[in-house]
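Novice: Next comes the structure file structure.txt, holding compact mmCIF, C-alpha atoms.
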```
# COMPACT_ATOMS: atom_id res chain seq x y z
CA MET A 1 -21.35 -70.92 22.72
CA ARG A 2 -20.85 -73.78 20.60
CA TYR A 3 -17.81 -77.30 18.20
CA ALA A 4 -13.31 -82.88 14.67
CA PHE A 5 -16.36 -84.32 14.19
CA ARG A 6 -13.73 -86.93 15.09
CA LEU A 7 -15.65 -89.57 13.33
CA LEU A 8 -14.89 -93.07 14.44
CA SER A 9 -14.96 -96.05 12.13
CA ARG A 10 -15.64 -98.62 14.82
CA ARG A 11 -19.04 -99.74 13.64
CA LEU A 12 -20.06 -101.38 10.42
CA ARG A 13 -22.99 -99.79 8.67
CA LEU A 14 -25.03 -102.99 8.86
CA ARG A 15 -24.51 -103.20 12.62
CA SER A 16 -25.67 -99.60 13.00
CA ALA A 17 -28.76 -100.22 10.94
CA LEU A 18 -29.67 -103.30 12.95
CA ALA A 19 -29.11 -101.46 16.24
CA VAL A 20 -31.35 -98.61 15.16
CA ALA A 21 -34.05 -101.05 14.14
CA ALA A 22 -33.78 -102.90 17.45
CA LEU A 23 -34.22 -99.75 19.49
CA LEU A 24 -37.12 -98.59 17.36
CA LEU A 25 -38.93 -101.85 17.97
CA LEU A 26 -38.79 -101.16 21.70
CA ALA A 27 -40.46 -97.77 21.31
CA PRO A 28 -44.17 -97.34 21.82
CA TRP A 29 -46.38 -96.30 18.95
CA GLY A 30 -48.75 -93.42 19.53
CA LEU A 31 -51.94 -92.34 17.84
CA ALA A 32 -51.51 -89.13 15.85
CA GLU A 33 -54.49 -87.45 17.53
CA ASP A 34 -53.05 -88.17 20.97
CA ARG A 35 -49.54 -86.92 20.28
CA PRO A 36 -48.02 -84.23 22.45
CA THR A 37 -45.83 -81.71 20.64
CA PHE A 38 -42.42 -80.61 21.91
CA ARG A 39 -40.29 -77.74 20.63
CA LEU A 40 -36.50 -77.84 20.33
CA ALA A 41 -34.63 -74.58 19.67
CA TRP A 42 -31.25 -74.61 18.01
CA SER A 43 -28.86 -72.00 16.67
CA ILE A 44 -26.21 -72.12 13.96
CA TYR A 45 -23.11 -73.94 15.13
CA VAL A 46 -21.10 -76.85 13.76
CA GLY A 47 -21.78 -79.04 16.79
CA TRP A 48 -25.54 -78.56 16.52
CA ALA A 49 -25.89 -78.69 12.73
CA PRO A 50 -26.77 -82.42 12.87
CA TRP A 51 -30.17 -81.42 14.27
CA ASP A 52 -31.03 -79.64 11.04
CA TYR A 53 -29.93 -82.63 9.00
CA ALA A 54 -31.94 -84.94 11.25
CA GLU A 55 -34.99 -82.92 10.31
CA GLN A 56 -34.13 -82.64 6.60
CA SER A 57 -33.48 -86.37 6.29
CA GLY A 58 -36.67 -87.35 8.11
CA ILE A 59 -34.76 -89.00 10.96
CA LEU A 60 -36.17 -86.67 13.60
CA LYS A 61 -39.73 -87.30 12.45
CA LYS A 62 -39.14 -91.04 12.30
CA TRP A 63 -38.03 -91.16 15.92
CA ALA A 64 -40.83 -88.85 17.01
CA ASP A 65 -43.31 -91.10 15.21
CA ARG A 66 -41.91 -94.21 16.88
CA TYR A 67 -42.46 -92.66 20.28
CA GLY A 68 -45.88 -91.26 19.41
CA ILE A 69 -44.93 -87.59 19.70
CA ASN A 70 -44.27 -84.56 17.51
CA ILE A 71 -40.97 -82.67 17.68
CA GLU A 72 -40.79 -79.20 16.20
CA LEU A 73 -37.26 -78.02 15.45
CA VAL A 74 -36.91 -74.23 15.42
CA GLN A 75 -33.82 -72.33 14.34
CA VAL A 76 -33.26 -69.18 16.40
CA ASN A 77 -30.79 -66.83 14.77
CA ASP A 78 -29.48 -65.30 17.99
CA TYR A 79 -27.93 -67.95 20.22
CA ILE A 80 -28.40 -66.21 23.57
CA GLU A 81 -31.96 -65.33 22.64
CA SER A 82 -32.67 -69.04 22.06
CA ILE A 83 -31.74 -69.76 25.68
CA ASN A 84 -33.71 -66.76 26.90
CA GLN A 85 -36.78 -68.05 25.06
CA TYR A 86 -36.24 -71.54 26.48
CA THR A 87 -35.98 -70.06 29.95
CA ALA A 88 -39.14 -68.04 29.37
CA GLY A 89 -41.10 -71.17 28.48
CA GLN A 90 -41.29 -70.95 24.69
CA PHE A 91 -39.34 -74.16 24.13
CA ASP A 92 -39.10 -77.56 25.80
CA ALA A 93 -35.46 -78.10 24.82
CA VAL A 94 -32.55 -76.07 23.53
CA THR A 95 -28.98 -76.45 22.32
CA ALA A 96 -26.60 -74.65 24.66
CA THR A 97 -23.16 -74.68 26.17
CA ASN A 98 -22.61 -75.85 29.71
CA MET A 99 -21.95 -72.35 31.01
CA ASP A 100 -24.88 -70.69 29.32
CA ILE A 101 -27.47 -73.23 30.42
CA LEU A 102 -26.09 -72.90 33.97
CA THR A 103 -26.01 -69.13 34.19
CA ILE A 104 -29.17 -68.33 32.25
CA ALA A 105 -31.70 -71.13 32.66
CA ALA A 106 -30.57 -72.99 35.78
CA ALA A 107 -29.74 -69.79 37.66
CA SER A 108 -33.25 -68.56 36.82
CA GLY A 109 -34.82 -71.63 38.42
CA VAL A 110 -35.53 -73.55 35.21
CA GLU A 111 -34.52 -77.10 36.08
CA SER A 112 -32.84 -78.69 33.08
CA THR A 113 -31.35 -82.05 32.11
CA ALA A 114 -28.59 -82.65 29.57
CA VAL A 115 -30.14 -85.27 27.30
CA ILE A 116 -27.09 -85.30 25.04
CA VAL A 117 -23.51 -84.22 25.77
CA GLY A 118 -22.54 -83.73 22.16
CA ASP A 119 -18.98 -82.44 22.01
CA TYR A 120 -16.50 -79.99 23.36
CA SER A 121 -14.85 -77.09 21.63
CA ASP A 122 -11.34 -78.02 20.53
CA GLY A 123 -10.56 -74.79 18.70
CA ASN A 124 -14.02 -73.67 17.63
CA ASP A 125 -13.91 -70.68 20.00
CA GLY A 126 -11.16 -68.13 19.70
CA ILE A 127 -9.78 -64.64 20.13
CA ILE A 128 -9.01 -62.60 17.02
CA LEU A 129 -6.71 -59.55 16.93
CA ARG A 130 -5.40 -57.59 13.98
CA LYS A 131 -2.60 -59.11 11.92
CA GLY A 132 0.82 -58.86 13.55
CA LYS A 133 -0.58 -58.81 17.09
CA ASN A 134 -0.25 -61.49 19.75
CA LEU A 135 -2.35 -62.25 22.81
CA ALA A 136 -0.37 -59.94 25.09
CA ASP A 137 -1.36 -57.02 22.86
CA ILE A 138 -4.96 -57.35 24.02
CA GLU A 139 -4.20 -55.38 27.19
CA GLY A 140 -6.02 -52.06 27.14
CA GLU A 141 -7.98 -52.88 23.96
CA ARG A 142 -11.71 -52.91 23.27
CA VAL A 143 -12.83 -56.54 23.01
CA HIS A 144 -16.12 -57.23 21.22
CA LEU A 145 -18.00 -60.37 22.24
CA VAL A 146 -21.32 -61.75 23.41
CA GLU A 147 -21.16 -60.75 27.05
CA LEU A 148 -21.81 -63.44 29.68
CA SER A 149 -21.33 -66.20 27.10
CA VAL A 150 -18.58 -68.79 26.71
CA SER A 151 -16.71 -66.14 24.73
CA HIS A 152 -16.57 -64.12 27.93
CA TYR A 153 -15.30 -67.21 29.77
CA LEU A 154 -12.67 -67.86 27.11
CA LEU A 155 -11.44 -64.27 27.35
CA ALA A 156 -11.20 -64.44 31.14
CA ARG A 157 -9.23 -67.70 30.98
CA ALA A 158 -6.88 -66.21 28.37
CA LEU A 159 -6.34 -63.09 30.46
CA GLU A 160 -5.71 -65.27 33.50
CA GLY A 161 -2.87 -66.94 31.63
CA LEU A 162 -1.35 -63.52 31.00
CA GLY A 163 -1.70 -62.48 34.62
CA LEU A 164 -4.34 -59.92 33.61
CA ARG A 165 -7.92 -59.28 34.72
CA GLU A 166 -11.00 -58.28 32.79
CA GLN A 167 -10.50 -54.75 34.06
CA ASP A 168 -7.36 -54.65 31.92
CA VAL A 169 -9.48 -54.63 28.74
CA GLU A 170 -12.69 -52.88 27.69
CA ILE A 171 -15.43 -55.41 27.03
CA VAL A 172 -17.98 -54.37 24.40
CA ASN A 173 -21.16 -56.46 24.31
CA MET A 174 -22.32 -57.26 20.78
CA ALA A 175 -24.81 -59.71 19.27
CA GLU A 176 -23.17 -62.64 17.50
CA ALA A 177 -24.82 -61.70 14.20
CA ASP A 178 -23.03 -58.33 14.19
CA LEU A 179 -19.49 -59.40 15.06
CA VAL A 180 -18.20 -60.19 11.56
CA ALA A 181 -19.55 -56.99 10.06
CA ALA A 182 -18.13 -54.94 12.92
CA TRP A 183 -14.69 -56.45 12.37
CA ALA A 184 -14.88 -55.77 8.63
CA GLY A 185 -15.38 -52.08 9.40
CA GLY A 186 -11.73 -51.91 10.41
CA THR A 187 -12.14 -50.11 13.73
CA VAL A 188 -12.63 -53.10 16.04
CA PRO A 189 -9.30 -54.20 17.55
CA ALA A 190 -10.37 -57.53 19.09
CA VAL A 191 -13.19 -60.06 18.77
CA VAL A 192 -13.98 -63.22 20.70
CA THR A 193 -16.44 -65.58 19.03
CA TRP A 194 -17.16 -69.12 17.87
CA ASN A 195 -17.66 -70.91 14.56
CA PRO A 196 -18.85 -70.22 11.95
CA MET A 197 -18.13 -66.55 12.73
CA LEU A 198 -14.61 -67.41 13.89
CA MET A 199 -13.91 -69.20 10.62
CA GLN A 200 -15.13 -66.19 8.63
CA LEU A 201 -12.86 -63.91 10.60
CA LYS A 202 -9.85 -66.22 10.32
CA ASP A 203 -10.23 -66.21 6.54
CA GLN A 204 -9.90 -62.43 6.35
CA PRO A 205 -6.41 -61.07 5.60
CA ASP A 206 -6.08 -58.62 8.49
CA THR A 207 -6.56 -61.13 11.29
CA ALA A 208 -4.50 -63.11 13.78
CA LEU A 209 -5.91 -65.98 15.85
CA VAL A 210 -4.10 -65.46 19.16
CA PHE A 211 -5.92 -67.91 21.47
CA ASP A 212 -8.47 -70.69 21.10
CA SER A 213 -10.32 -73.32 23.08
CA SER A 214 -7.91 -76.13 22.19
CA THR A 215 -5.91 -74.98 25.21
CA LEU A 216 -8.96 -75.64 27.44
CA PRO A 217 -10.04 -79.18 26.45
CA GLY A 218 -13.46 -80.15 27.75
CA GLU A 219 -14.25 -76.82 29.37
CA ILE A 220 -16.71 -75.64 26.70
CA LEU A 221 -19.29 -78.40 26.31
CA ASP A 222 -22.08 -78.36 23.73
CA LEU A 223 -25.30 -79.87 25.01
CA THR A 224 -28.88 -80.58 24.06
CA VAL A 225 -30.89 -79.96 27.21
CA ALA A 226 -34.57 -80.31 28.03
CA LYS A 227 -36.69 -79.17 30.94
CA SER A 228 -36.54 -81.79 33.66
CA ALA A 229 -40.27 -81.57 34.33
CA VAL A 230 -41.02 -82.27 30.67
CA LEU A 231 -38.73 -85.30 30.65
CA GLU A 232 -40.25 -86.61 33.87
CA ALA A 233 -43.74 -86.40 32.41
CA HIS A 234 -42.70 -87.49 28.91
CA PRO A 235 -39.46 -89.51 28.91
CA GLU A 236 -40.31 -90.50 25.35
CA PHE A 237 -39.20 -87.01 24.31
CA GLY A 238 -35.68 -87.66 25.61
CA HIS A 239 -35.58 -91.13 24.08
CA ALA A 240 -36.61 -89.76 20.67
CA LEU A 241 -34.01 -86.98 20.83
CA ALA A 242 -31.21 -89.40 21.68
CA GLY A 243 -32.24 -91.90 19.02
CA ALA A 244 -32.47 -89.25 16.30
CA TRP A 245 -29.17 -87.66 17.27
CA TYR A 246 -27.09 -90.82 17.21
CA GLU A 247 -28.69 -92.18 14.06
CA THR A 248 -27.81 -88.89 12.36
CA LEU A 249 -24.20 -89.09 13.56
CA ALA A 250 -24.00 -92.65 12.25
CA LEU A 251 -24.71 -91.31 8.75
CA LEU A 252 -21.52 -89.30 9.01
CA GLN A 253 -19.65 -92.59 9.19
CA SER A 254 -21.38 -94.07 6.17
CA GLU A 255 -21.45 -93.54 2.41
CA GLN A 256 -23.93 -90.72 3.08
CA ARG A 257 -21.29 -88.61 4.80
CA GLU A 258 -20.66 -86.37 1.79
CA ASP A 259 -24.34 -85.50 1.42
CA ALA A 260 -24.74 -84.98 5.15
CA VAL A 261 -21.74 -82.66 5.38
CA ALA A 262 -22.94 -80.68 2.35
CA ALA A 263 -26.36 -80.19 3.93
CA MET A 264 -24.91 -79.14 7.30
CA ALA A 265 -22.50 -76.77 5.58
CA ALA A 266 -25.32 -75.14 3.67
CA VAL A 267 -27.44 -74.48 6.74
CA THR A 268 -24.47 -72.94 8.54
CA GLY A 269 -23.77 -70.66 5.57
CA THR A 270 -20.57 -72.22 4.31
CA ASP A 271 -19.30 -74.93 1.96
CA SER A 272 -18.27 -78.51 2.67
CA GLU A 273 -14.56 -77.71 2.78
CA SER A 274 -15.03 -74.96 5.35
CA PHE A 275 -17.41 -77.10 7.37
CA GLU A 276 -14.85 -79.90 7.48
CA ARG A 277 -12.36 -77.39 8.86
CA GLN A 278 -14.80 -76.62 11.65
CA LEU A 279 -15.30 -80.31 12.31
CA ALA A 280 -11.54 -80.63 12.70
CA THR A 281 -11.70 -78.33 15.73
CA THR A 282 -14.65 -80.11 17.32
CA HIS A 283 -14.14 -83.06 19.64
CA LEU A 284 -17.38 -84.87 18.94
CA PHE A 285 -18.63 -87.69 21.13
CA ALA A 286 -19.56 -89.61 17.99
CA THR A 287 -21.25 -92.52 19.76
CA PRO A 288 -23.43 -92.69 22.87
CA ALA A 289 -20.86 -95.00 24.45
CA GLU A 290 -18.21 -92.27 24.20
CA ALA A 291 -20.55 -89.69 25.65
CA LEU A 292 -21.59 -92.06 28.40
CA ASN A 293 -17.99 -92.72 29.43
CA PHE A 294 -17.44 -88.99 29.72
CA VAL A 295 -20.66 -88.30 31.61
CA ARG A 296 -20.01 -91.11 34.08
CA SER A 297 -16.50 -89.85 34.81
CA ASP A 298 -15.63 -87.12 37.30
CA ALA A 299 -14.75 -84.70 34.49
CA PRO A 300 -18.16 -82.96 34.22
CA ARG A 301 -18.22 -82.23 37.96
CA LYS A 302 -14.71 -80.75 37.91
CA ILE A 303 -15.50 -78.72 34.80
CA MET A 304 -18.79 -77.43 36.13
CA GLN A 305 -17.29 -76.52 39.48
CA SER A 306 -14.71 -74.40 37.65
CA VAL A 307 -17.39 -72.83 35.46
CA ALA A 308 -19.62 -72.14 38.47
CA GLU A 309 -16.80 -70.48 40.37
CA PHE A 310 -16.01 -68.31 37.35
CA SER A 311 -19.66 -67.47 36.86
CA TRP A 312 -20.20 -66.42 40.44
CA SER A 313 -17.01 -64.38 40.64
CA HIS A 314 -18.04 -62.51 37.48
CA GLY A 315 -21.56 -61.81 38.66
CA LEU A 316 -23.24 -64.10 36.14
CA TYR A 317 -25.63 -65.47 38.78
CA GLY A 318 -26.85 -61.99 39.61
CA PRO A 319 -26.32 -59.87 42.73
CA PHE A 320 -28.08 -62.13 45.22
CA ALA A 321 -26.21 -65.43 44.78
CA PRO A 322 -24.36 -66.01 48.07
CA ASP A 323 -21.61 -68.30 46.74
CA PRO A 324 -20.47 -70.32 43.69
CA GLY A 325 -22.62 -73.27 44.78
CA PHE A 326 -25.82 -71.25 44.52
CA VAL A 327 -27.04 -73.57 41.74
CA GLY A 328 -26.85 -77.25 42.65
CA MET A 329 -25.94 -79.80 39.99
CA SER A 330 -26.06 -83.59 39.73
CA PHE A 331 -23.77 -85.76 37.64
CA GLY A 332 -23.64 -89.12 35.93
CA ASP A 333 -21.12 -90.54 38.40
CA GLY A 334 -23.70 -90.11 41.17
CA SER A 335 -22.07 -87.04 42.67
CA THR A 336 -23.54 -83.60 43.25
CA TRP A 337 -22.07 -80.15 43.66
CA GLY A 338 -23.52 -76.95 45.02
CA ASP A 339 -26.74 -76.34 46.95
CA SER A 340 -28.54 -79.66 47.37
CA SER A 341 -31.81 -77.80 47.98
CA ASN A 342 -31.51 -75.94 44.67
CA VAL A 343 -30.43 -78.59 42.14
CA GLN A 344 -31.32 -77.09 38.78
CA LEU A 345 -28.97 -78.82 36.33
CA HIS A 346 -28.55 -82.55 35.75
CA PHE A 347 -25.99 -84.39 33.65
CA SER A 348 -28.07 -87.54 33.30
CA PRO A 349 -26.67 -90.64 31.59
CA ALA A 350 -30.13 -92.17 31.13
CA PHE A 351 -30.93 -91.36 27.52
CA MET A 352 -27.38 -91.81 26.25
CA ALA A 353 -27.20 -95.12 28.14
CA GLU A 354 -30.27 -96.47 26.38
CA ALA A 355 -28.82 -95.53 22.99
CA ALA A 356 -25.49 -97.12 23.92
CA GLU A 357 -27.15 -100.33 25.08
CA ALA A 358 -28.90 -100.50 21.71
CA GLY A 359 -25.53 -100.27 19.97
CA LEU A 360 -26.10 -96.94 18.23
```
Hey, can you dump this file as structure tokens for me?
Specialist:
Amino acid sequence: MRYAFRLLSRRLRLRSALAVAALLLLAPWGLAEDRPTFRLAWSIYVGWAPWDYAEQSGILKKWADRYGINIELVQVNDYIESINQYTAGQFDAVTATNMDILTIAAASGVESTAVIVGDYSDGNDGIILRKGKNLADIEGERVHLVELSVSHYLLARALEGLGLREQDVEIVNMAEADLVAAWAGGTVPAVVTWNPMLMQLKDQPDTALVFDSSTLPGEILDLTVAKSAVLEAHPEFGHALAGAWYETLALLQSEQREDAVAAMAAVTGTDSESFERQLATTHLFATPAEALNFVRSDAPRKIMQSVAEFSWSHGLYGPFAPDPGFVGMSFGDGSTWGDSSNVQLHFSPAFMAEAAEAGL
């Protein structure tokens, strides 16, 4: 599902500005009447809030203009529905976690490429029980979550640590928008969710955070993915996305940080202080160089193998997948995993590499 912005102070503002200008000069200009339009769906989450600020600030339009395209950013209130709509063809790109893009889009035959590996959850996903309870008390309880999402994965990993199975709890599927209200009713014993809902629940008096994603570093990745066919036909779309994303993150390391955080907090329904708390539990790849180092390592392959094995064993590929490698994947270190005749998910370094070479 979706997660501190661990903002680095490695780059001077002037250097960032010059790097952005240099990359923009390399981009082709397009005539307005010839511009293709691409649609990017996003849902409320701390790790994806920079997309909204990129639009508000004009950065997204600037990069689209430089590459001679139009990019329409659309907020979809229900996270899983945003991926369903992407899979159904209503969007060219979407923000999603590694597990959800694998089990929903890729497993459905929609070949996708991670244009940006943005961050991993470092406490932004968690399990809430009533005050005075601990994780072991979850056995036998009803657990409300978005079924087949990273919340489901987080629960399974937590139960595994207790020596329990999913059959030892009662999973209740619930839309993310309803989780906070359901908890407030007082009859729900357990909830698994992500920020900002997790933050809202943690702030209530009758709650105990008993497990979170900080114990699973790197396993819940937040991505911006696009359809591989779209990127092949229009690589300028990927270049514009990467340029806009990293220019927006650079603002968070400048004197504009306060304004940027306030805007991102507002769109996620909170204030700057609460948003900063969410950033503190998000391991952001703040520069393309950081993201590139991660993507070119063997970590994504190991993580995705684990996620694929979990997904298959829990039926997330559907009843006809013969084994965990049903969906093939390719990675930035040149390796692949799974069915080489059914490669549907790519962790490509290409767009992040260009941004890194430009010094963003």
Novice: May I ask which of the residues A:Met304, A:Tyr86, A:Ala353, A:Pro205 is the closest one to Ser112 in chain A, counting only C-alpha atoms?
Specialist: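 Looking at the shortest contact to Ser112 in chain A, the residue is A:Tyr86.
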Novice: Which distance in Å separates CA of Val115 in chain A and CA of Phe351 in chain A, to one decimal?
Specialist: 6.1 Å
Novice: If you count only C-alpha atoms, which residues fall within 7 Å of Leu221 in chain A, apart from same-chain ones fewer than 6 positions away, as a PyMOL selection string?
Specialist: chain A and resi 97-98+119-121
Novice: Find the residues near Ala291 in chain A: any atom within 8 Å, counting all atoms listed in the file, skip ones fewer than 2 places away on the same chain, and give them as a tab-separated table (two decimals) with C-alpha atoms, in the coordinates of the input.
Specialist:
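To be explicit, this is the file written out as around.tsv:
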```tsv
chain	number	residue	atom	x	y	z
A	116	ILE	CA	-27.09	-85.30	25.04
A	117	VAL	CA	-23.51	-84.22	25.77
A	118	GLY	CA	-22.54	-83.73	22.16
A	285	PHE	CA	-18.63	-87.69	21.13
A	286	ALA	CA	-19.56	-89.61	17.99
A	287	THR	CA	-21.25	-92.52	19.76
A	288	PRO	CA	-23.43	-92.69	22.87
A	289	ALA	CA	-20.86	-95.00	24.45
A	293	ASN	CA	-17.99	-92.72	29.43
A	294	PHE	CA	-17.44	-88.99	29.72
A	295	VAL	CA	-20.66	-88.30	31.61
A	352	MET	CA	-27.38	-91.81	26.25
```
Novice: Suppose you want the space between CA of Ala350 in chain A and CA of Val225 in chain A; what is it in Å?
Specialist: 12.8 Å
Novice: Which residues of range 169-269 of chain A sit at most 10 Å from range 129-139 of chain A, using all atoms listed in the file? Give each one's shortest atom pair and distance in Å (one decimal place), in chain and ascending residue order, as a Markdown table.
Specialist:
```
| residue | atom | partner | partner_atom | distance |
| --- | --- | --- | --- | --- |
| A:Val169 | CA | A:Glu139 | CA | 5.6 |
| A:Glu170 | CA | A:Glu139 | CA | 8.9 |
| A:Trp183 | CA | A:Arg130 | CA | 9.5 |
| A:Gly186 | CA | A:Arg130 | CA | 9.2 |
| A:Val188 | CA | A:Arg130 | CA | 8.8 |
| A:Pro189 | CA | A:Leu129 | CA | 6.0 |
| A:Ala190 | CA | A:Leu129 | CA | 4.7 |
| A:Val191 | CA | A:Leu129 | CA | 6.8 |
| A:Val192 | CA | A:Leu129 | CA | 9.0 |
| A:Leu201 | CA | A:Leu129 | CA | 9.8 |
| A:Lys202 | CA | A:Leu129 | CA | 9.9 |
| A:Gln204 | CA | A:Lys131 | CA | 9.8 |
| A:Pro205 | CA | A:Lys131 | CA | 7.6 |
| A:Asp206 | CA | A:Lys131 | CA | 4.9 |
| A:Thr207 | CA | A:Lys131 | CA | 4.5 |
| A:Ala208 | CA | A:Lys131 | CA | 4.8 |
| A:Leu209 | CA | A:Leu129 | CA | 6.6 |
| A:Val210 | CA | A:Leu135 | CA | 5.2 |
| A:Phe211 | CA | A:Leu135 | CA | 6.8 |
```
Novice: Just to confirm, what's the straight-line distance from CA of Val180 in chain A to CA of Ala158 in chain A in Å (one decimal)?
Specialist: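 Calculated distance between CA of Val180 in chain A and CA of Ala158 in chain A is 21.1 Å.
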Novice: Taking only C-alpha atoms into account, name the residue in A:Leu223, A:Val146, A:Met99, A:Leu40 that is nearest to Glu55 in chain A.
Specialist: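 Smallest distance to Glu55 in chain A is found for A:Leu40.
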Novice: Using all atoms listed in the file, which protein or nucleic acid residues come within 8 Å of Ala355 in chain A? Drop anything in the same chain fewer than 4 positions from it, and give the result as an MDAnalysis selection string.
Specialist: chainID A and resid 23 242:243 246 288 351 359:360
Novice: Using the file's own x, y and z axes, what box holds all listed atoms of range 95-112 of chain A with 6 Å on each side, keeping edges along x, y and z, and what are its centre and edge lengths in Å to one decimal, as AutoDock Vina command-line options?
Specialist:
```
--center_x -28.7 --center_y -73.5 --center_z 30.4 --size_x 25.6 --size_y 22.4 --size_z 28.1
```
Novice: Could you build a table of the residues in range 94-144 of chain A lying no more than 10 Å from range 317-338 of chain A, giving for each the nearest pair of atoms and their separation in Å rounded to one decimal place, using all atoms listed in the file, ordered by chain and ascending residue number, as JSON lines?
Specialist:
```
{"residue": "A:Leu102", "atom": "CA", "partner": "A:Val327", "partner_atom": "CA", "distance": 7.9}
{"residue": "A:Thr103", "atom": "CA", "partner": "A:Tyr317", "partner_atom": "CA", "distance": 5.9}
{"residue": "A:Ile104", "atom": "CA", "partner": "A:Tyr317", "partner_atom": "CA", "distance": 8.0}
{"residue": "A:Ala106", "atom": "CA", "partner": "A:Val327", "partner_atom": "CA", "distance": 7.0}
{"residue": "A:Ala107", "atom": "CA", "partner": "A:Tyr317", "partner_atom": "CA", "distance": 6.1}
{"residue": "A:Ser108", "atom": "CA", "partner": "A:Tyr317", "partner_atom": "CA", "distance": 8.5}
{"residue": "A:Gly109", "atom": "CA", "partner": "A:Val327", "partner_atom": "CA", "distance": 8.7}
{"residue": "A:Glu111", "atom": "CA", "partner": "A:Met329", "partner_atom": "CA", "distance": 9.8}
{"residue": "A:Ser112", "atom": "CA", "partner": "A:Met329", "partner_atom": "CA", "distance": 9.8}
{"residue": "A:Thr113", "atom": "CA", "partner": "A:Ser330", "partner_atom": "CA", "distance": 9.4}
{"residue": "A:Ala114", "atom": "CA", "partner": "A:Phe331", "partner_atom": "CA", "distance": 9.9}
```
